[in-house]
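*Asks:* Provided herewith is a single structure, encoded as structure tokens, for subsequent inquiry.
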Amino acid sequence: MPLCDTKLKLYTIRNKEVTTKFCKFNLPCKFDMPKRKNNTILIKEQARKLGFDFCGISRAEHLKNEEPRLEQWLNQNMHGKMHYMADHFEKRLDPTKLVEGARSVISLMYNYFPEQELKTKDNYKISKYAYGKDYHFVIKNKLKSLFSFIAEHIGEIRGRAFVDSAPVMERVWAQRSGIGWIGKNGLLLNRQSGSFFLLAELILDLELEADHPIKDYCGSCTRCMDACPTQAIVEPYLVDARKCISYLTIELKDKIPQKFEDKMDDWIFGCDICQDVCPWNRFSQPHKEPQFQPHPQLKEMKKSDWQEITQEVFNEMFRQSAVKRTKYQGLTRNIQFIAHSHQMKNEK
Ligand code: B12
Ligand code: SF4
Ligand code: SF4
């Protein structure tokens, strides 16, 4: 295999300085193998120590197969009013446009499945991922630690950390890295953990050992599609965001269209239905993240408390929570929409 001297890099592995050469054809180079393997193991071990459940690696390359699918999704306006989804089309498909010289995408999985669900009797529902402190902060801090660890133990690297914060196709990278498969509900699933976890990435200009995708274990099951109350999973693996309760209650800033009256069950922030019914979530284990514990007041809420919620209570209960994304106005809009739907139903 040809070697080139144009990209000389200095690494430090466990305090020993090593000079390496990169192949100019961006091909795996046998002379780098032991070091790449070593670095990969080191990173995966550290990810586990930081509380990530799974860590997988893909080569940073243009997502050629996803391009027509993403384009079609956008052309059909399935992103609704999430205008940010139509921005940075090229960057979304090409990690080297986010990090110059990117070589590897490290995909990480962080569990949020709660030990106990919030009570559902005489209560509205909020998605499990939003019970505690906003995952963007919790996970970003862990990504920063992992990044510093790599810089300290492997050497000067260029890279960026992402958690739901940039034009990155997180599920596609996770699927490529073998940490799970994309299910018919559009979410990443893992045989050991189900799907109640969040995804995050480090995109680095560091060559690592890439993992391989695994097979799709959905089989003939269609439970998620059958259970979705708004038929948002329009075909297997394809979610029309405009119909998804998660979009309607979190991302949509206008009025919720009348046609969804009676279809939203009791969901006032997000929706977990297509995950709750998924057989692979029988294997979900409770998370160990203290910051994901719900605010004590949230555990005590009843429908009447939600209907009377004030800006002050909202601020206190959701001070560092992902629920802040809807703002007080958005959450009260959702509560009123659902309360009104139930009232109409009872009057019929
Ligand atoms: C926009 C968005 C939404 C939108 C749109 C959802 C969607 N399916 O795209 C809304 C607001 C509805 C939403 C809802 C939710 N979201 Co969201 N969302 C995102 C976000 C920011 C971008 C997703 C995206 O790129 N969509 C664009 C479409 C085109 O991408 P795609 O669905 O992957 O498209 C592929 C498929 O359609 C596929 N495809 C199309 N046709 C076919 C045909 C075949 C045969 C195959 C195999 C594939 C295939 O190809 C496309 C391109 O690869 C990501 C974070 C990120 N940056 O990735 C989080 C993210 C996907 N969301 C997440 C979560 C947790 C949720 C909710 C569960 C939250 C909740 N409880 O309410 C719900 C679940 C709804 C659902 N069933 O998808 C997590 C998912 C974690 C996981 N385990 O997978 C992510 C990764 C955030 C994170 N960092 O953890 N979300
Ligand atoms: S989150 Fe709810 S509304 Fe959205 S696709 Fe899943 S079941 Fe349907
Ligand atoms: S409910 Fe069934 S079809 Fe849907 S994601 Fe889970 S295994 Fe796949």
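The chains in the structure tokens are called A, B, ... from first to last as shown; in each chain the residues are counted from 1, and the ligands are counted from 1 in the order shown.
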May I ask you to write as an MDAnalysis selection string all residues lying at most 12 Å from ligand 2, with only C-alpha atoms and all ligand atoms counted?

*Replies:* chainID A and resid 125:128 183:187 195 222:250 260 263:278

*Asks:* What's around segment 136-146 of chain A at 10 Å? Count only C-alpha atoms, leave out sequence neighbours fewer than 6 positions away in its own chain, and write the answer as a PyMOL selection string.

*Replies:* chain A and resi 43-44+46-47+49-52+108-110+152+160-165+198-202+289+291-292+320-322

*Asks:* Write a file of the just-selected residues containing C-alpha atoms, as a CSV table (one decimal), in the first residue's frame.

*Replies:*
```
chain,number,residue,atom,x,y,z
A,43,ILE,CA,-11.6,5.8,23.3
A,44,LYS,CA,-14.3,3.1,23.7
A,46,GLN,CA,-13.2,6.0,28.2
A,47,ALA,CA,-16.7,6.4,26.7
A,49,LYS,CA,-16.4,5.1,31.9
A,50,LEU,CA,-18.2,8.4,31.2
A,51,GLY,CA,-21.5,6.5,31.2
A,52,PHE,CA,-22.2,6.0,27.5
A,108,LEU,CA,-22.4,7.5,21.3
A,109,MET,CA,-25.5,6.3,23.0
A,110,TYR,CA,-26.8,7.6,26.4
A,152,GLU,CA,-4.5,14.3,26.4
A,160,ARG,CA,-16.3,18.9,17.2
A,161,ALA,CA,-18.8,17.5,19.6
A,162,PHE,CA,-22.5,17.2,18.7
A,163,VAL,CA,-25.7,16.3,20.4
A,164,ASP,CA,-28.8,17.2,18.5
A,165,SER,CA,-27.2,20.5,17.9
A,198,LEU,CA,-30.1,9.7,23.0
A,199,LEU,CA,-27.4,9.9,20.4
A,200,ALA,CA,-24.3,12.1,20.3
A,201,GLU,CA,-21.1,12.3,18.2
A,202,LEU,CA,-17.5,13.4,18.0
A,289,GLU,CA,-27.9,9.5,35.5
A,291,GLN,CA,-29.4,14.6,36.5
A,292,PHE,CA,-32.3,12.8,34.7
A,320,GLN,CA,-33.0,23.3,33.3
A,321,SER,CA,-35.3,21.1,31.4
A,322,ALA,CA,-35.8,20.3,27.7
```

*Asks:* Which one is closest to ligand 1: A:Gly56, A:Pro95, A:Pro114, A:Gly180? Count only C-alpha atoms and all ligand atoms.

*Replies:*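 Counting only C-alpha atoms and all ligand atoms, the residue closest to ligand 1 is A:Gly180.
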
*Asks:* So what do you get for atom 76 (C, counted along the ligand's line) of ligand 1 versus atom CA of Lys259 of chain A, distance-wise?

*Replies:*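 Answer for the atom 76 (C, counted along the ligand's line) of ligand 1 to atom CA of Lys259 of chain A separation: 19.6 Å.
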
*Asks:* Using backbone DSSP assignments, extract all alpha helix (DSSP H) residues from segment 158-232 of chain A; output them as a ChimeraX atom specification.

*Replies:* /A:170-176,223-227

*Asks:* Between A:Glu261, A:Glu316, A:Glu45, A:Asp216, single out the one closest to ligand 3, counting only C-alpha atoms and all ligand atoms.

*Replies:*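 Residue with the minimum atom-to-atom distance to ligand 3: A:Asp216.
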
*Asks:* Do a neighbour search on Trp173 of chain A at 10 Å with only C-alpha atoms, toss out local chain neighbours closer than 2 positions, and write the hits as a VMD selection string.

*Replies:* chain A and resid 56 to 60 63 105 to 108 168 to 171 175 to 180 199 to 201 213

*Asks:* For the residues in that selection, give me N, CA and C atoms as a short mmCIF file (atom, residue, chain, number, x, y, z; two decimals), in the first residue's frame.

*Replies:*
```cif
data_model
loop_
_atom_site.label_atom_id
_atom_site.label_comp_id
_atom_site.auth_asym_id
_atom_site.auth_seq_id
_atom_site.Cartn_x
_atom_site.Cartn_y
_atom_site.Cartn_z
N GLY A 56 -19.67 3.47 18.86
CA GLY A 56 -19.30 2.84 17.59
C GLY A 56 -18.66 3.86 16.67
N ILE A 57 -17.89 3.35 15.70
CA ILE A 57 -17.11 4.27 14.86
C ILE A 57 -17.40 4.05 13.37
N SER A 58 -17.53 5.15 12.65
CA SER A 58 -17.69 5.07 11.18
C SER A 58 -16.63 5.95 10.54
N ARG A 59 -16.31 5.61 9.30
CA ARG A 59 -15.41 6.48 8.54
C ARG A 59 -16.18 7.73 8.14
N ALA A 60 -15.55 8.88 8.28
CA ALA A 60 -16.24 10.14 7.94
C ALA A 60 -16.24 10.30 6.43
N LEU A 63 -22.53 11.01 2.83
CA LEU A 63 -23.62 10.05 2.96
C LEU A 63 -24.40 9.99 1.64
N VAL A 105 -16.22 9.34 12.59
CA VAL A 105 -17.38 9.79 13.37
C VAL A 105 -17.55 8.79 14.50
N ILE A 106 -17.49 9.30 15.73
CA ILE A 106 -17.69 8.43 16.90
C ILE A 106 -19.13 8.62 17.35
N SER A 107 -19.94 7.56 17.27
CA SER A 107 -21.34 7.65 17.69
C SER A 107 -21.48 7.10 19.11
N LEU A 108 -22.25 7.82 19.91
CA LEU A 108 -22.40 7.46 21.31
C LEU A 108 -23.86 7.41 21.70
N VAL A 168 -26.35 17.17 11.55
CA VAL A 168 -25.68 15.86 11.54
C VAL A 168 -26.79 14.81 11.53
N MET A 169 -26.70 13.82 10.65
CA MET A 169 -27.73 12.77 10.62
C MET A 169 -27.37 11.70 11.65
N GLU A 170 -27.79 11.97 12.87
CA GLU A 170 -27.29 11.19 14.00
C GLU A 170 -27.65 9.71 13.93
N ARG A 171 -28.89 9.41 13.51
CA ARG A 171 -29.29 8.00 13.47
C ARG A 171 -28.54 7.25 12.38
N GLN A 175 -26.27 4.06 12.99
CA GLN A 175 -26.55 2.80 12.29
C GLN A 175 -25.29 2.30 11.57
N ARG A 176 -24.58 3.22 10.94
CA ARG A 176 -23.34 2.83 10.23
C ARG A 176 -22.30 2.28 11.20
N SER A 177 -22.30 2.80 12.41
CA SER A 177 -21.27 2.41 13.37
C SER A 177 -21.62 1.12 14.10
N GLY A 178 -22.78 0.55 13.74
CA GLY A 178 -23.14 -0.76 14.28
C GLY A 178 -23.71 -0.73 15.69
N ILE A 179 -24.04 0.45 16.22
CA ILE A 179 -24.57 0.44 17.59
C ILE A 179 -26.07 0.15 17.60
N GLY A 180 -26.66 0.04 16.43
CA GLY A 180 -28.07 -0.33 16.36
C GLY A 180 -28.55 -0.30 14.92
N LEU A 199 -28.63 10.14 21.18
CA LEU A 199 -27.42 9.94 20.38
C LEU A 199 -26.55 11.19 20.40
N ALA A 200 -25.25 10.98 20.30
CA ALA A 200 -24.30 12.10 20.26
C ALA A 200 -23.10 11.65 19.45
N GLU A 201 -22.30 12.59 19.00
CA GLU A 201 -21.15 12.26 18.16
C GLU A 201 -19.95 13.14 18.45
N PRO A 213 -22.10 -1.99 10.19
CA PRO A 213 -23.53 -1.96 10.51
C PRO A 213 -24.05 -3.35 10.88
#
```

*Asks:* Compare A:Val323, A:Ala210, A:Glu67, A:Glu100 by their minimum atom-to-atom distance to Leu298 of chain A, counting only C-alpha atoms, and give me the closest one.

*Replies:*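 Of A:Val323, A:Ala210, A:Glu67, A:Glu100, the one nearest Leu298 of chain A, counting only C-alpha atoms, is A:Val323.
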
*Asks:* Return the single residue from A:Met317, A:Ala86, A:Leu42, A:Ile335 that is closest to ligand 1, with distances computed using only C-alpha atoms and all ligand atoms.

*Replies:*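 Comparing A:Met317, A:Ala86, A:Leu42, A:Ile335 against ligand 1, the winner is A:Ala86.
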
*Asks:* List the neighbours of Leu93 of chain A out to 10 Å using only C-alpha atoms; skip same-chain residues closer than 3 positions along the sequence, and give me the result as a ChimeraX atom specification.

*Replies:* /A:61-67,70,88-90,96-98,167-169

*Asks:* Let's have the selection written as a short mmCIF file (atom, residue, chain, number, x, y, z; two decimals), in the first residue's frame, with N, CA and C atoms.

*Replies:*
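Resulting contents of out.cif:
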```
data_model
loop_
_atom_site.label_atom_id
_atom_site.label_comp_id
_atom_site.auth_asym_id
_atom_site.auth_seq_id
_atom_site.Cartn_x
_atom_site.Cartn_y
_atom_site.Cartn_z
N GLU A 61 -17.40 10.06 5.84
CA GLU A 61 -17.48 10.20 4.38
C GLU A 61 -18.86 10.71 3.99
N HIS A 62 -18.97 11.14 2.77
CA HIS A 62 -20.22 11.70 2.26
C HIS A 62 -21.33 10.63 2.33
N LEU A 63 -22.53 11.01 2.83
CA LEU A 63 -23.62 10.05 2.96
C LEU A 63 -24.40 9.99 1.64
N LYS A 64 -23.79 9.29 0.69
CA LYS A 64 -24.33 9.28 -0.68
C LYS A 64 -25.75 8.71 -0.73
N ASN A 65 -25.97 7.59 -0.04
CA ASN A 65 -27.28 6.93 -0.12
C ASN A 65 -28.39 7.74 0.52
N GLU A 66 -28.02 8.56 1.49
CA GLU A 66 -29.06 9.33 2.22
C GLU A 66 -29.50 10.55 1.44
N GLU A 67 -28.68 10.98 0.50
CA GLU A 67 -28.96 12.25 -0.19
C GLU A 67 -30.35 12.27 -0.84
N LEU A 70 -33.16 12.23 1.91
CA LEU A 70 -33.30 13.50 2.63
C LEU A 70 -33.96 14.54 1.72
N HIS A 88 -28.36 24.01 5.35
CA HIS A 88 -27.09 23.26 5.36
C HIS A 88 -27.21 21.85 4.80
N PHE A 89 -27.90 21.73 3.68
CA PHE A 89 -28.13 20.42 3.07
C PHE A 89 -26.81 19.66 2.87
N GLU A 90 -25.83 20.34 2.30
CA GLU A 90 -24.55 19.68 2.00
C GLU A 90 -23.80 19.28 3.26
N THR A 96 -17.03 16.18 6.52
CA THR A 96 -15.79 16.95 6.29
C THR A 96 -16.10 18.43 6.06
N LYS A 97 -17.41 18.73 5.87
CA LYS A 97 -17.80 20.14 5.75
C LYS A 97 -18.05 20.75 7.14
N LEU A 98 -18.10 19.88 8.13
CA LEU A 98 -18.27 20.36 9.51
C LEU A 98 -16.92 20.42 10.23
N PRO A 167 -26.39 20.24 11.93
CA PRO A 167 -26.82 19.41 10.80
C PRO A 167 -26.02 18.12 10.69
N VAL A 168 -26.35 17.17 11.55
CA VAL A 168 -25.68 15.86 11.54
C VAL A 168 -26.79 14.81 11.53
N MET A 169 -26.70 13.82 10.65
CA MET A 169 -27.73 12.77 10.62
C MET A 169 -27.37 11.70 11.65
#
```

*Asks:* Restricting the calculation to only C-alpha atoms, which member of A:Phe113, A:Tyr135, A:Trp306, A:Tyr84 is positioned closest to Arg282 of chain A?

*Replies:* A:Phe113

*Asks:* Just want the 9 Å neighbourhood of Lys81 of chain A, counted on only C-alpha atoms, with same-chain residues fewer than 5 positions away dropped. Output as JSON, numbers by chain.

*Replies:* {"A": [242, 251, 252, 253]}

*Asks:* Which one of A:Lys215, A:Arg158, A:Lys324, A:Lys345 sits closest to ligand 1 if you count only C-alpha atoms and all ligand atoms?

*Replies:* A:Lys215

*Asks:* Identify, with DSSP run on backbone atoms, the residues in segment 105-330 of chain A assigned to strand (DSSP E), and express the list as a PyMOL selection string.

*Replies:* chain A and resi 105-111+125-126+159-162+181-182+188-189+197-204+233-235+238-239+267-269

*Asks:* With C-alpha atoms kept, could you save the residues just selected as a PDB file, in the first residue's frame?

*Replies:*
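Wrote out_33.pdb, looks like this:
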```pdb
ATOM      1  CA  VAL A 105     -17.376   9.794  13.366  1.00  0.00           C
ATOM      2  CA  ILE A 106     -17.694   8.426  16.896  1.00  0.00           C
ATOM      3  CA  SER A 107     -21.344   7.653  17.693  1.00  0.00           C
ATOM      4  CA  LEU A 108     -22.395   7.455  21.315  1.00  0.00           C
ATOM      5  CA  MET A 109     -25.546   6.277  23.010  1.00  0.00           C
ATOM      6  CA  TYR A 110     -26.849   7.616  26.351  1.00  0.00           C
ATOM      7  CA  ASN A 111     -29.724   5.881  28.155  1.00  0.00           C
ATOM      8  CA  LYS A 125     -48.030  12.875  29.651  1.00  0.00           C
ATOM      9  CA  ILE A 126     -44.568  14.153  28.863  1.00  0.00           C
ATOM     10  CA  GLY A 159     -12.816  17.895  15.956  1.00  0.00           C
ATOM     11  CA  ARG A 160     -16.252  18.891  17.188  1.00  0.00           C
ATOM     12  CA  ALA A 161     -18.832  17.471  19.562  1.00  0.00           C
ATOM     13  CA  PHE A 162     -22.519  17.220  18.662  1.00  0.00           C
ATOM     14  CA  TRP A 181     -30.433  -0.375  13.391  1.00  0.00           C
ATOM     15  CA  ILE A 182     -32.998   2.202  12.274  1.00  0.00           C
ATOM     16  CA  LEU A 188     -32.321   3.809  16.356  1.00  0.00           C
ATOM     17  CA  LEU A 189     -32.804   0.533  18.181  1.00  0.00           C
ATOM     18  CA  PHE A 197     -31.499   6.556  24.561  1.00  0.00           C
ATOM     19  CA  LEU A 198     -30.103   9.715  23.002  1.00  0.00           C
ATOM     20  CA  LEU A 199     -27.423   9.942  20.383  1.00  0.00           C
ATOM     21  CA  ALA A 200     -24.301  12.100  20.263  1.00  0.00           C
ATOM     22  CA  GLU A 201     -21.147  12.255  18.156  1.00  0.00           C
ATOM     23  CA  LEU A 202     -17.547  13.363  18.019  1.00  0.00           C
ATOM     24  CA  ILE A 203     -16.324  14.099  14.513  1.00  0.00           C
ATOM     25  CA  LEU A 204     -12.525  13.991  14.493  1.00  0.00           C
ATOM     26  CA  ILE A 233     -45.217   6.734  10.256  1.00  0.00           C
ATOM     27  CA  VAL A 234     -46.470   6.974   6.702  1.00  0.00           C
ATOM     28  CA  GLU A 235     -44.499   3.972   5.532  1.00  0.00           C
ATOM     29  CA  LEU A 238     -40.511   7.132   7.107  1.00  0.00           C
ATOM     30  CA  VAL A 239     -41.928   9.678   9.554  1.00  0.00           C
ATOM     31  CA  TRP A 267     -49.419  14.002  25.400  1.00  0.00           C
ATOM     32  CA  ILE A 268     -48.527  17.607  26.204  1.00  0.00           C
ATOM     33  CA  PHE A 269     -44.779  17.387  25.445  1.00  0.00           C
TER      34      PHE A 269
END
```

*Asks:* What is the atom 5 (S, counted along the ligand's line) of ligand 3-atom CA of Val172 of chain A distance in Å, reported with one decimal?

*Replies:* 15.1 Å
